[in-house]
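structure-v2.cif, holding mmCIF, C-alpha atoms, pLDDT in the B column; chains and numbers go by the auth columns:
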data_entry
#
loop_
_atom_site.group_PDB
_atom_site.id
_atom_site.type_symbol
_atom_site.label_atom_id
_atom_site.label_comp_id
_atom_site.label_asym_id
_atom_site.label_seq_id
_atom_site.Cartn_x
_atom_site.Cartn_y
_atom_site.Cartn_z
_atom_site.B_iso_or_equiv
_atom_site.auth_seq_id
_atom_site.auth_asym_id
ATOM 1 C CA MET A 1 -4.369 -2.132 22.662 88.00 1 A
ATOM 2 C CA ALA A 2 -3.802 -0.479 19.309 90.00 2 A
ATOM 3 C CA ARG A 3 -5.251 -1.497 15.927 92.00 3 A
ATOM 4 C CA LEU A 4 -2.171 -1.572 13.661 95.00 4 A
ATOM 5 C CA PHE A 5 -1.138 -2.209 10.080 95.00 5 A
ATOM 6 C CA PHE A 6 1.818 -1.558 7.790 96.00 6 A
ATOM 7 C CA ALA A 7 1.059 0.472 4.666 97.00 7 A
ATOM 8 C CA LEU A 8 2.242 2.594 1.779 97.00 8 A
ATOM 9 C CA TRP A 9 0.956 6.176 1.476 95.00 9 A
ATOM 10 C CA PRO A 10 0.610 7.695 -1.996 95.00 10 A
ATOM 11 C CA ASP A 11 2.578 10.864 -2.645 94.00 11 A
ATOM 12 C CA ALA A 12 0.690 14.153 -3.159 95.00 12 A
ATOM 13 C CA SER A 13 0.470 13.795 -6.943 95.00 13 A
ATOM 14 C CA ALA A 14 -0.876 10.231 -6.821 96.00 14 A
ATOM 15 C CA ARG A 15 -3.251 11.178 -4.003 96.00 15 A
ATOM 16 C CA ARG A 16 -4.734 14.002 -6.136 96.00 16 A
ATOM 17 C CA ARG A 17 -5.233 11.655 -9.093 96.00 17 A
ATOM 18 C CA LEU A 18 -6.733 8.928 -6.870 97.00 18 A
ATOM 19 C CA THR A 19 -9.134 11.429 -5.307 97.00 19 A
ATOM 20 C CA ALA A 20 -10.214 12.630 -8.766 96.00 20 A
ATOM 21 C CA LEU A 21 -10.701 9.007 -9.834 96.00 21 A
ATOM 22 C CA ALA A 22 -12.771 8.303 -6.711 97.00 22 A
ATOM 23 C CA ARG A 23 -15.019 11.271 -7.535 96.00 23 A
ATOM 24 C CA THR A 24 -15.519 9.956 -11.080 94.00 24 A
ATOM 25 C CA LEU A 25 -16.336 6.480 -9.769 95.00 25 A
ATOM 26 C CA TYR A 26 -18.710 7.984 -7.223 96.00 26 A
ATOM 27 C CA GLY A 27 -20.624 9.505 -10.137 93.00 27 A
ATOM 28 C CA ALA A 28 -21.106 6.014 -11.578 91.00 28 A
ATOM 29 C CA CYS A 29 -21.473 3.934 -8.395 93.00 29 A
ATOM 30 C CA GLY A 30 -22.425 6.234 -5.526 95.00 30 A
ATOM 31 C CA GLY A 31 -21.309 5.139 -2.084 95.00 31 A
ATOM 32 C CA ARG A 32 -18.801 6.879 0.151 95.00 32 A
ATOM 33 C CA ILE A 33 -15.512 8.319 -1.141 96.00 33 A
ATOM 34 C CA VAL A 34 -12.447 7.448 0.941 95.00 34 A
ATOM 35 C CA PRO A 35 -10.997 10.807 2.058 94.00 35 A
ATOM 36 C CA ALA A 36 -7.614 11.703 0.523 94.00 36 A
ATOM 37 C CA GLY A 37 -5.861 11.525 3.896 92.00 37 A
ATOM 38 C CA ARG A 38 -6.990 7.926 4.393 94.00 38 A
ATOM 39 C CA LEU A 39 -5.842 6.576 1.025 96.00 39 A
ATOM 40 C CA HIS A 40 -3.282 3.838 1.612 96.00 40 A
ATOM 41 C CA LEU A 41 -2.170 0.441 0.393 97.00 41 A
ATOM 42 C CA THR A 42 -2.018 -2.140 3.205 95.00 42 A
ATOM 43 C CA LEU A 43 1.085 -4.347 3.294 96.00 43 A
ATOM 44 C CA ALA A 44 0.222 -6.342 6.434 94.00 44 A
ATOM 45 C CA PHE A 45 -2.723 -5.992 8.806 92.00 45 A
ATOM 46 C CA LEU A 46 -1.972 -6.848 12.434 93.00 46 A
ATOM 47 C CA GLY A 47 -5.232 -5.994 14.170 92.00 47 A
ATOM 48 C CA GLU A 48 -5.226 -5.340 17.921 93.00 48 A
ATOM 49 C CA VAL A 49 -1.686 -5.305 19.336 94.00 49 A
ATOM 50 C CA PRO A 50 -0.784 -4.480 22.953 94.00 50 A
ATOM 51 C CA GLU A 51 0.916 -1.079 23.069 93.00 51 A
ATOM 52 C CA ALA A 52 3.757 -2.658 25.089 94.00 52 A
ATOM 53 C CA ARG A 53 4.747 -4.562 21.918 95.00 53 A
ATOM 54 C CA LEU A 54 5.224 -1.419 19.798 94.00 54 A
ATOM 55 C CA PRO A 55 9.029 -1.280 20.374 95.00 55 A
ATOM 56 C CA GLU A 56 9.289 -4.967 19.397 95.00 56 A
ATOM 57 C CA LEU A 57 7.188 -4.329 16.305 94.00 57 A
ATOM 58 C CA CYS A 58 9.446 -1.435 15.284 95.00 58 A
ATOM 59 C CA ALA A 59 12.514 -3.644 15.820 96.00 59 A
ATOM 60 C CA VAL A 60 10.959 -6.249 13.507 96.00 60 A
ATOM 61 C CA ALA A 61 10.411 -3.587 10.844 96.00 61 A
ATOM 62 C CA GLU A 62 14.042 -2.444 11.183 95.00 62 A
ATOM 63 C CA ARG A 63 15.127 -5.936 10.066 95.00 63 A
ATOM 64 C CA VAL A 64 13.124 -5.664 6.832 95.00 64 A
ATOM 65 C CA SER A 65 14.873 -4.188 3.849 92.00 65 A
ATOM 66 C CA GLY A 66 13.295 -3.276 0.569 93.00 66 A
ATOM 67 C CA ARG A 67 13.850 -1.283 -2.595 95.00 67 A
ATOM 68 C CA ALA A 68 12.163 1.907 -3.671 95.00 68 A
ATOM 69 C CA GLY A 69 10.442 1.883 -7.025 95.00 69 A
ATOM 70 C CA PRO A 70 7.339 2.854 -8.920 95.00 70 A
ATOM 71 C CA LEU A 71 3.934 1.428 -8.151 96.00 71 A
ATOM 72 C CA GLN A 72 1.476 1.482 -11.032 96.00 72 A
ATOM 73 C CA LEU A 73 -2.233 1.252 -10.320 97.00 73 A
ATOM 74 C CA ASP A 74 -3.680 0.188 -13.648 95.00 74 A
ATOM 75 C CA ARG A 75 -6.929 -1.641 -12.941 95.00 75 A
ATOM 76 C CA LEU A 76 -10.193 -1.104 -11.116 96.00 76 A
ATOM 77 C CA GLY A 77 -12.033 -3.775 -9.226 95.00 77 A
ATOM 78 C CA ARG A 78 -14.813 -4.451 -6.808 95.00 78 A
ATOM 79 C CA TRP A 79 -15.130 -6.593 -3.716 93.00 79 A
ATOM 80 C CA ARG A 80 -18.629 -6.639 -2.271 94.00 80 A
ATOM 81 C CA ASP A 81 -19.478 -2.931 -1.860 95.00 81 A
ATOM 82 C CA ILE A 82 -15.872 -1.690 -2.097 96.00 82 A
ATOM 83 C CA VAL A 83 -14.346 -0.237 -5.270 97.00 83 A
ATOM 84 C CA TRP A 84 -10.547 -0.272 -5.496 97.00 84 A
ATOM 85 C CA ALA A 85 -7.601 0.505 -7.764 97.00 85 A
ATOM 86 C CA GLY A 86 -4.943 -2.177 -8.084 96.00 86 A
ATOM 87 C CA CYS A 87 -2.081 -3.597 -10.115 94.00 87 A
ATOM 88 C CA LEU A 88 -2.406 -5.936 -13.069 92.00 88 A
ATOM 89 C CA GLU A 89 1.176 -6.976 -12.403 93.00 89 A
ATOM 90 C CA PRO A 90 2.544 -6.105 -8.947 95.00 90 A
ATOM 91 C CA PRO A 91 6.163 -4.926 -9.087 95.00 91 A
ATOM 92 C CA ALA A 92 8.791 -7.355 -7.785 95.00 92 A
ATOM 93 C CA HIS A 93 10.168 -4.801 -5.304 95.00 93 A
ATOM 94 C CA LEU A 94 6.749 -4.570 -3.626 96.00 94 A
ATOM 95 C CA LEU A 95 6.206 -8.342 -3.507 95.00 95 A
ATOM 96 C CA GLN A 96 9.670 -8.794 -1.971 95.00 96 A
ATOM 97 C CA LEU A 97 8.997 -6.145 0.679 96.00 97 A
ATOM 98 C CA VAL A 98 5.699 -7.763 1.680 96.00 98 A
ATOM 99 C CA ALA A 99 7.218 -11.264 1.784 94.00 99 A
ATOM 100 C CA ALA A 100 10.123 -10.084 3.957 95.00 100 A
ATOM 101 C CA LEU A 101 7.803 -8.135 6.257 96.00 101 A
ATOM 102 C CA ARG A 102 5.366 -11.015 6.728 94.00 102 A
ATOM 103 C CA GLN A 103 8.215 -13.475 7.311 94.00 103 A
ATOM 104 C CA GLN A 104 9.787 -11.265 9.995 96.00 104 A
ATOM 105 C CA LEU A 105 6.420 -10.628 11.660 96.00 105 A
ATOM 106 C CA GLY A 106 5.664 -14.340 11.808 93.00 106 A
ATOM 107 C CA ALA A 107 9.127 -15.152 13.176 95.00 107 A
ATOM 108 C CA ALA A 108 8.554 -12.601 15.968 95.00 108 A
ATOM 109 C CA GLY A 109 5.208 -14.140 16.899 94.00 109 A
ATOM 110 C CA PHE A 110 2.908 -11.539 15.378 92.00 110 A
ATOM 111 C CA ALA A 111 -0.233 -13.018 13.840 84.00 111 A
ATOM 112 C CA VAL A 112 -0.311 -12.358 10.114 77.00 112 A
ATOM 113 C CA ASP A 113 -3.241 -14.396 8.911 66.00 113 A
ATOM 114 C CA GLU A 114 -3.802 -12.823 5.540 70.00 114 A
ATOM 115 C CA PRO A 115 -4.673 -14.032 2.069 75.00 115 A
ATOM 116 C CA PRO A 116 -2.028 -13.829 -0.647 84.00 116 A
ATOM 117 C CA PHE A 117 -0.952 -10.231 -1.183 90.00 117 A
ATOM 118 C CA SER A 118 -2.955 -8.432 -3.855 90.00 118 A
ATOM 119 C CA PRO A 119 -1.973 -4.745 -3.878 94.00 119 A
ATOM 120 C CA HIS A 120 -5.005 -2.485 -3.984 95.00 120 A
ATOM 121 C CA LEU A 121 -6.146 0.854 -2.650 96.00 121 A
ATOM 122 C CA THR A 122 -9.787 1.366 -1.583 97.00 122 A
ATOM 123 C CA LEU A 123 -11.461 4.323 -3.309 97.00 123 A
ATOM 124 C CA LEU A 124 -15.182 3.861 -2.452 97.00 124 A
ATOM 125 C CA ARG A 125 -17.100 2.089 0.284 95.00 125 A
ATOM 126 C CA LYS A 126 -20.806 1.211 0.190 95.00 126 A
ATOM 127 C CA ALA A 127 -20.720 1.531 -3.615 95.00 127 A
ATOM 128 C CA GLY A 128 -23.577 0.419 -5.831 93.00 128 A
ATOM 129 C CA ARG A 129 -23.263 -2.351 -8.418 91.00 129 A
ATOM 130 C CA ALA A 130 -23.037 -0.103 -11.500 91.00 130 A
ATOM 131 C CA PRO A 131 -20.423 -1.233 -14.047 91.00 131 A
ATOM 132 C CA LEU A 132 -16.988 0.253 -13.473 92.00 132 A
ATOM 133 C CA PRO A 133 -15.623 2.456 -16.236 87.00 133 A
ATOM 134 C CA ALA A 134 -12.255 1.670 -17.760 85.00 134 A
ATOM 135 C CA LEU A 135 -9.276 3.334 -16.118 89.00 135 A
ATOM 136 C CA GLU A 136 -8.196 6.040 -18.561 87.00 136 A
ATOM 137 C CA ALA A 137 -4.517 6.069 -17.570 93.00 137 A
ATOM 138 C CA PRO A 138 -2.461 4.290 -14.917 96.00 138 A
ATOM 139 C CA ILE A 139 -1.706 6.129 -11.706 96.00 139 A
ATOM 140 C CA VAL A 140 1.962 5.791 -10.803 94.00 140 A
ATOM 141 C CA TRP A 141 3.661 6.886 -7.641 91.00 141 A
ATOM 142 C CA PRO A 142 7.292 6.510 -6.608 94.00 142 A
ATOM 143 C CA VAL A 143 7.197 4.334 -3.474 95.00 143 A
ATOM 144 C CA ALA A 144 10.047 5.535 -1.257 94.00 144 A
ATOM 145 C CA ASP A 145 8.966 4.464 2.243 96.00 145 A
ATOM 146 C CA TRP A 146 6.468 2.461 4.274 96.00 146 A
ATOM 147 C CA HIS A 147 4.665 3.130 7.556 96.00 147 A
ATOM 148 C CA LEU A 148 3.396 1.529 10.736 97.00 148 A
ATOM 149 C CA VAL A 149 -0.113 2.924 11.129 96.00 149 A
ATOM 150 C CA CYS A 150 -2.544 3.052 14.024 95.00 150 A
ATOM 151 C CA SER A 151 -6.218 2.918 13.081 93.00 151 A
ATOM 152 C CA GLN A 152 -8.804 4.308 15.453 90.00 152 A
ATOM 153 C CA LEU A 153 -12.425 3.535 14.647 83.00 153 A
ATOM 154 C CA LEU A 154 -14.660 6.585 15.102 81.00 154 A
ATOM 155 C CA PRO A 155 -18.391 7.079 14.386 80.00 155 A
ATOM 156 C CA ALA A 156 -17.501 9.042 11.222 74.00 156 A
ATOM 157 C CA GLY A 157 -15.049 6.367 10.021 75.00 157 A
ATOM 158 C CA ALA A 158 -11.481 5.341 10.759 81.00 158 A
ATOM 159 C CA GLU A 159 -8.738 7.809 11.590 89.00 159 A
ATOM 160 C CA TYR A 160 -5.188 6.797 10.663 93.00 160 A
ATOM 161 C CA ARG A 161 -1.981 7.984 12.310 93.00 161 A
ATOM 162 C CA SER A 162 1.515 7.042 11.146 94.00 162 A
ATOM 163 C CA LEU A 163 3.524 5.872 14.178 95.00 163 A
ATOM 164 C CA ALA A 164 6.797 5.151 12.361 96.00 164 A
ATOM 165 C CA ARG A 165 8.220 5.268 8.854 96.00 165 A
ATOM 166 C CA TRP A 166 11.038 3.342 7.162 96.00 166 A
ATOM 167 C CA PRO A 167 12.727 4.472 3.954 95.00 167 A
ATOM 168 C CA LEU A 168 13.285 2.065 1.109 95.00 168 A
ATOM 169 C CA ALA A 169 16.709 1.793 -0.500 92.00 169 A
ATOM 170 C CA ALA A 170 17.103 3.443 -3.862 83.00 170 A
ATOM 171 C CA ALA A 171 17.883 1.139 -6.757 64.00 171 A
ATOM 172 C CA PRO A 172 21.508 1.427 -7.809 62.00 172 A
ATOM 173 C CA ILE A 173 22.212 3.703 -10.743 58.00 173 A
ATOM 174 C CA LEU A 174 24.625 2.043 -13.109 54.00 174 A
ATOM 175 C CA GLY A 175 27.287 4.158 -14.727 55.00 175 A
ATOM 176 C CA PRO A 176 28.339 3.857 -18.397 54.00 176 A
ATOM 177 C CA LEU A 177 31.233 1.479 -17.587 51.00 177 A
ATOM 178 C CA VAL A 178 28.977 -0.998 -15.765 49.00 178 A
ATOM 179 C CA ASP A 179 26.276 -0.690 -18.428 47.00 179 A
ATOM 180 C CA ALA A 180 28.831 -1.461 -21.178 47.00 180 A
ATOM 181 C CA ARG A 181 30.135 -4.511 -19.305 48.00 181 A
ATOM 182 C CA LEU A 182 26.614 -5.836 -18.761 49.00 182 A
ATOM 183 C CA GLN A 183 25.886 -5.501 -22.460 52.00 183 A
ATOM 184 C CA GLU A 184 29.125 -7.306 -23.379 55.00 184 A
ATOM 185 C CA ASN A 185 28.510 -10.170 -20.925 49.00 185 A
ATOM 186 C CA PRO A 186 24.765 -10.870 -20.814 49.00 186 A
#

Structure translated into structure tokens:
Amino acid sequence: MARLFFALWPDASARRRLTALARTLYGACGGRIVPAGRLHLTLAFLGEVPEARLPELCAVAERVSGRAGPLQLDRLGRWRDIVWAGCLEPPAHLLQLVAALRQQLGAAGFAVDEPPFSPHLTLLRKAGRAPLPALEAPIVWPVADWHLVCSQLLPAGAEYRSLARWPLAAAPILGPLVDARLQENP
């Protein structure tokens, strides 16, 4: 059995900014900072899945298409003793990816019993109840792919390993002729 989930991984620039933000929040709230290598945004959590189903799970993911685009983390929040960064307004491309992924997983018989998708990235665990400071500037990263991740629970915390990765399609770039026609015929 493997403990699996699908996730986005921040690029190096976003990861540096998120780590710096976590350190700042730690100064206000204490707790435990999520290590940079574990920062991720969960798309769908599957839990324990028999390893024999991994090829089927990858085939399901192959049927999911999505668009690349920016993800802007522009709010801080708390859930119990967890402090997270999230989106005031999740981008449509991300919501469409998650909906398609969850639909395909359900159709293939994988249990996806999750609340409505609310994109967030955990920064601190076991944090105190101190008020959260305002986020000085949004953290934006260009989401270009998504991963199937195996989580192994260890005494020092979870260890994550990407088992597979799928690229997201780039948004089309419109040339001047198409742009002009769109402006003429709204």

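On the file presented, the PyMOL selection byres ((chain A and resi 93) around 10) picks out Gly66, Arg67, Ala68, Gly69, Pro70, Leu71, Pro90, Pro91, Ala92, Leu94, Leu95, Gln96, Leu97, Val98, Val143, Leu168 and Ala171 of chain A.
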
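A straight line drawn from CA of Leu4 in chain A to CA of Ala127 in chain A is 25.5 Å long.
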
statement: Closest of A:Arg3, A:His120, A:Arg102, A:Arg16 to Trp79 in chain A, counting all atoms listed in the file, is A:His120

message: I need the residue nearest Leu39 in chain A from this list: A:Ser151, A:Thr19, A:Gln103, A:Thr24. Use only C-alpha atoms for the distance.
response: A:Thr19

Using the chain letters and numbering of this document, enumerate as a short mmCIF file (atom, residue, chain, number, x, y, z; two decimals) with C-alpha atoms, in the frame of the given file the residues selected by the PyMOL selection byres ((chain A and resi 119) around 12).
data_model
loop_
_atom_site.label_atom_id
_atom_site.label_comp_id
_atom_site.auth_asym_id
_atom_site.auth_seq_id
_atom_site.Cartn_x
_atom_site.Cartn_y
_atom_site.Cartn_z
CA ALA A 7 1.06 0.47 4.67
CA LEU A 8 2.24 2.59 1.78
CA HIS A 40 -3.28 3.84 1.61
CA LEU A 41 -2.17 0.44 0.39
CA THR A 42 -2.02 -2.14 3.20
CA LEU A 43 1.08 -4.35 3.29
CA ALA A 44 0.22 -6.34 6.43
CA LEU A 71 3.93 1.43 -8.15
CA GLN A 72 1.48 1.48 -11.03
CA LEU A 73 -2.23 1.25 -10.32
CA ASP A 74 -3.68 0.19 -13.65
CA ARG A 75 -6.93 -1.64 -12.94
CA LEU A 76 -10.19 -1.10 -11.12
CA GLY A 77 -12.03 -3.78 -9.23
CA TRP A 84 -10.55 -0.27 -5.50
CA ALA A 85 -7.60 0.50 -7.76
CA GLY A 86 -4.94 -2.18 -8.08
CA CYS A 87 -2.08 -3.60 -10.12
CA LEU A 88 -2.41 -5.94 -13.07
CA GLU A 89 1.18 -6.98 -12.40
CA PRO A 90 2.54 -6.10 -8.95
CA PRO A 91 6.16 -4.93 -9.09
CA ALA A 92 8.79 -7.36 -7.78
CA LEU A 94 6.75 -4.57 -3.63
CA LEU A 95 6.21 -8.34 -3.51
CA LEU A 97 9.00 -6.14 0.68
CA VAL A 98 5.70 -7.76 1.68
CA PRO A 115 -4.67 -14.03 2.07
CA PRO A 116 -2.03 -13.83 -0.65
CA PHE A 117 -0.95 -10.23 -1.18
CA SER A 118 -2.96 -8.43 -3.86
CA HIS A 120 -5.00 -2.48 -3.98
CA LEU A 121 -6.15 0.85 -2.65
CA THR A 122 -9.79 1.37 -1.58
#

query: Can you tell me how far CA of Pro50 in chain A sits from CA of Cys150 in chain A, in Å to one decimal?
result: 11.8 Å

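Distances here use all atoms listed in the file; by that measure, the residue among A:Met1, A:Ala108, A:Leu123, A:Ala164 closest to Glu56 in chain A is A:Ala108.
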
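Using the PyMOL selection byres ((chain A and resi 167) around 6) on the file at hand returns these residues: Ala144, Asp145, Trp166 and Leu168 of chain A.
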
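The space between CA of Leu21 in chain A and CA of Ala170 in chain A spans 29.0 Å.
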
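Comparing A:Val149, A:Ile33, A:Ala59, A:Ala20 by their smallest distance to Glu136 in chain A, the closest is A:Ala20 (using only C-alpha atoms).
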
field: Residue nearest Arg80 in chain A - candidates A:Cys58, A:Ala28, A:Val34, A:Leu124, atoms counted: only C-alpha atoms
entry: A:Leu124

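Nearest-residue note for Ala158 in chain A: choosing from A:Ala107, A:Gly31, A:Gly37, A:Arg15, the minimum distance belongs to A:Gly37, counting only C-alpha atoms.
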
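Within the 12 Å cut-off around Gly30 in chain A, using only C-alpha atoms and omitting residues fewer than 6 positions from it on the same chain, the listed residues are Ala22, Arg23, Thr24, Asp81, Ile82, Val83, Leu123, Leu124, Arg125, Lys126, Ala127, Gly128, Arg129, Ala130, Pro131 and Leu132 of chain A.
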
task: Write out as number ranges by chain the residues lying within 10 Å of Leu54 in chain A, counting all atoms listed in the file and excluding same-chain residues fewer than 5 positions away.
output: A: 2, 4, 49, 59-60, 148, 163

Given 5 Å of margin on each side, can you work out the centre and size in Å (one decimal) of an axis-aligned box holding every listed atom of range 3-19 of chain A, as JSON?
{"center_x": -3.3, "center_y": 6.0, "center_z": 3.4, "size_x": 21.7, "size_y": 26.4, "size_z": 35.0}

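Protein and nucleic acid residues near (-11.9, 12.0, 10.4) are Pro35, Gly37, Arg38, Leu154, Ala156, Gly157, Ala158, Glu159 and Tyr160 of chain A, the criterion being any atom at most 9 Å away using only C-alpha atoms.
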
Complete the atoms of range 96-127 of chain A to N, CA and C atoms and put them out as a tab-separated table (two decimals), keeping the file's coordinate frame.
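As a result, rebuild_0.tsv now contains:
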chain	number	residue	atom	x	y	z
A	96	GLN	N	8.55	-8.43	-2.85
A	96	GLN	CA	9.67	-8.79	-1.97
A	96	GLN	C	9.56	-8.12	-0.61
A	97	LEU	N	9.17	-6.86	-0.59
A	97	LEU	CA	9.00	-6.14	0.68
A	97	LEU	C	7.93	-6.83	1.53
A	98	VAL	N	6.79	-7.14	0.94
A	98	VAL	CA	5.70	-7.76	1.68
A	98	VAL	C	6.11	-9.14	2.19
A	99	ALA	N	6.78	-9.93	1.36
A	99	ALA	CA	7.22	-11.26	1.78
A	99	ALA	C	8.19	-11.17	2.96
A	100	ALA	N	9.15	-10.25	2.87
A	100	ALA	CA	10.12	-10.08	3.96
A	100	ALA	C	9.44	-9.61	5.24
A	101	LEU	N	8.52	-8.66	5.10
A	101	LEU	CA	7.80	-8.14	6.26
A	101	LEU	C	6.98	-9.23	6.92
A	102	ARG	N	6.21	-9.96	6.15
A	102	ARG	CA	5.37	-11.02	6.73
A	102	ARG	C	6.21	-12.13	7.36
A	103	GLN	N	7.34	-12.44	6.75
A	103	GLN	CA	8.22	-13.48	7.31
A	103	GLN	C	8.77	-13.02	8.66
A	104	GLN	N	9.23	-11.79	8.74
A	104	GLN	CA	9.79	-11.26	9.99
A	104	GLN	C	8.70	-11.15	11.08
A	105	LEU	N	7.51	-10.72	10.69
A	105	LEU	CA	6.42	-10.63	11.66
A	105	LEU	C	6.07	-12.00	12.23
A	106	GLY	N	5.96	-12.98	11.35
A	106	GLY	CA	5.66	-14.34	11.81
A	106	GLY	C	6.75	-14.89	12.71
A	107	ALA	N	8.01	-14.66	12.36
A	107	ALA	CA	9.13	-15.15	13.18
A	107	ALA	C	9.12	-14.51	14.57
A	108	ALA	N	8.60	-13.30	14.68
A	108	ALA	CA	8.55	-12.60	15.97
A	108	ALA	C	7.26	-12.89	16.74
A	109	GLY	N	6.42	-13.75	16.19
A	109	GLY	CA	5.21	-14.14	16.90
A	109	GLY	C	4.00	-13.24	16.69
A	110	PHE	N	4.07	-12.37	15.69
A	110	PHE	CA	2.91	-11.54	15.38
A	110	PHE	C	2.01	-12.30	14.41
A	111	ALA	N	0.72	-12.31	14.69
A	111	ALA	CA	-0.23	-13.02	13.84
A	111	ALA	C	-0.42	-12.26	12.54
A	112	VAL	N	-0.10	-12.93	11.45
A	112	VAL	CA	-0.31	-12.36	10.11
A	112	VAL	C	-1.08	-13.41	9.33
A	113	ASP	N	-2.38	-13.43	9.56
A	113	ASP	CA	-3.24	-14.40	8.91
A	113	ASP	C	-3.95	-13.69	7.78
A	114	GLU	N	-3.25	-13.57	6.67
A	114	GLU	CA	-3.80	-12.82	5.54
A	114	GLU	C	-3.79	-13.67	4.29
A	115	PRO	N	-4.69	-13.35	3.37
A	115	PRO	CA	-4.67	-14.03	2.07
A	115	PRO	C	-3.43	-13.62	1.29
A	116	PRO	N	-3.17	-14.26	0.17
A	116	PRO	CA	-2.03	-13.83	-0.65
A	116	PRO	C	-2.13	-12.34	-0.95
A	117	PHE	N	-0.99	-11.68	-0.99
A	117	PHE	CA	-0.95	-10.23	-1.18
A	117	PHE	C	-1.44	-9.85	-2.57
A	118	SER	N	-2.41	-8.97	-2.61
A	118	SER	CA	-2.96	-8.43	-3.86
A	118	SER	C	-3.04	-6.92	-3.68
A	119	PRO	N	-2.01	-6.18	-4.16
A	119	PRO	CA	-1.97	-4.74	-3.88
A	119	PRO	C	-3.17	-4.00	-4.46
A	120	HIS	N	-3.86	-3.28	-3.58
A	120	HIS	CA	-5.00	-2.48	-3.98
A	120	HIS	C	-5.20	-1.35	-2.99
A	121	LEU	N	-5.89	-0.35	-3.44
A	121	LEU	CA	-6.15	0.85	-2.65
A	121	LEU	C	-7.65	1.14	-2.73
A	122	THR	N	-8.34	1.16	-1.61
A	122	THR	CA	-9.79	1.37	-1.58
A	122	THR	C	-10.12	2.82	-1.92
A	123	LEU	N	-11.03	2.99	-2.88
A	123	LEU	CA	-11.46	4.32	-3.31
A	123	LEU	C	-12.88	4.65	-2.84
A	124	LEU	N	-13.79	3.66	-2.87
A	124	LEU	CA	-15.18	3.86	-2.45
A	124	LEU	C	-15.61	2.74	-1.53
A	125	ARG	N	-16.44	3.08	-0.58
A	125	ARG	CA	-17.10	2.09	0.28
A	125	ARG	C	-18.61	2.25	0.08
A	126	LYS	N	-19.34	1.19	0.33
A	126	LYS	CA	-20.81	1.21	0.19
A	126	LYS	C	-21.23	1.60	-1.23
A	127	ALA	N	-20.45	1.19	-2.21
A	127	ALA	CA	-20.72	1.53	-3.62
A	127	ALA	C	-21.81	0.63	-4.19
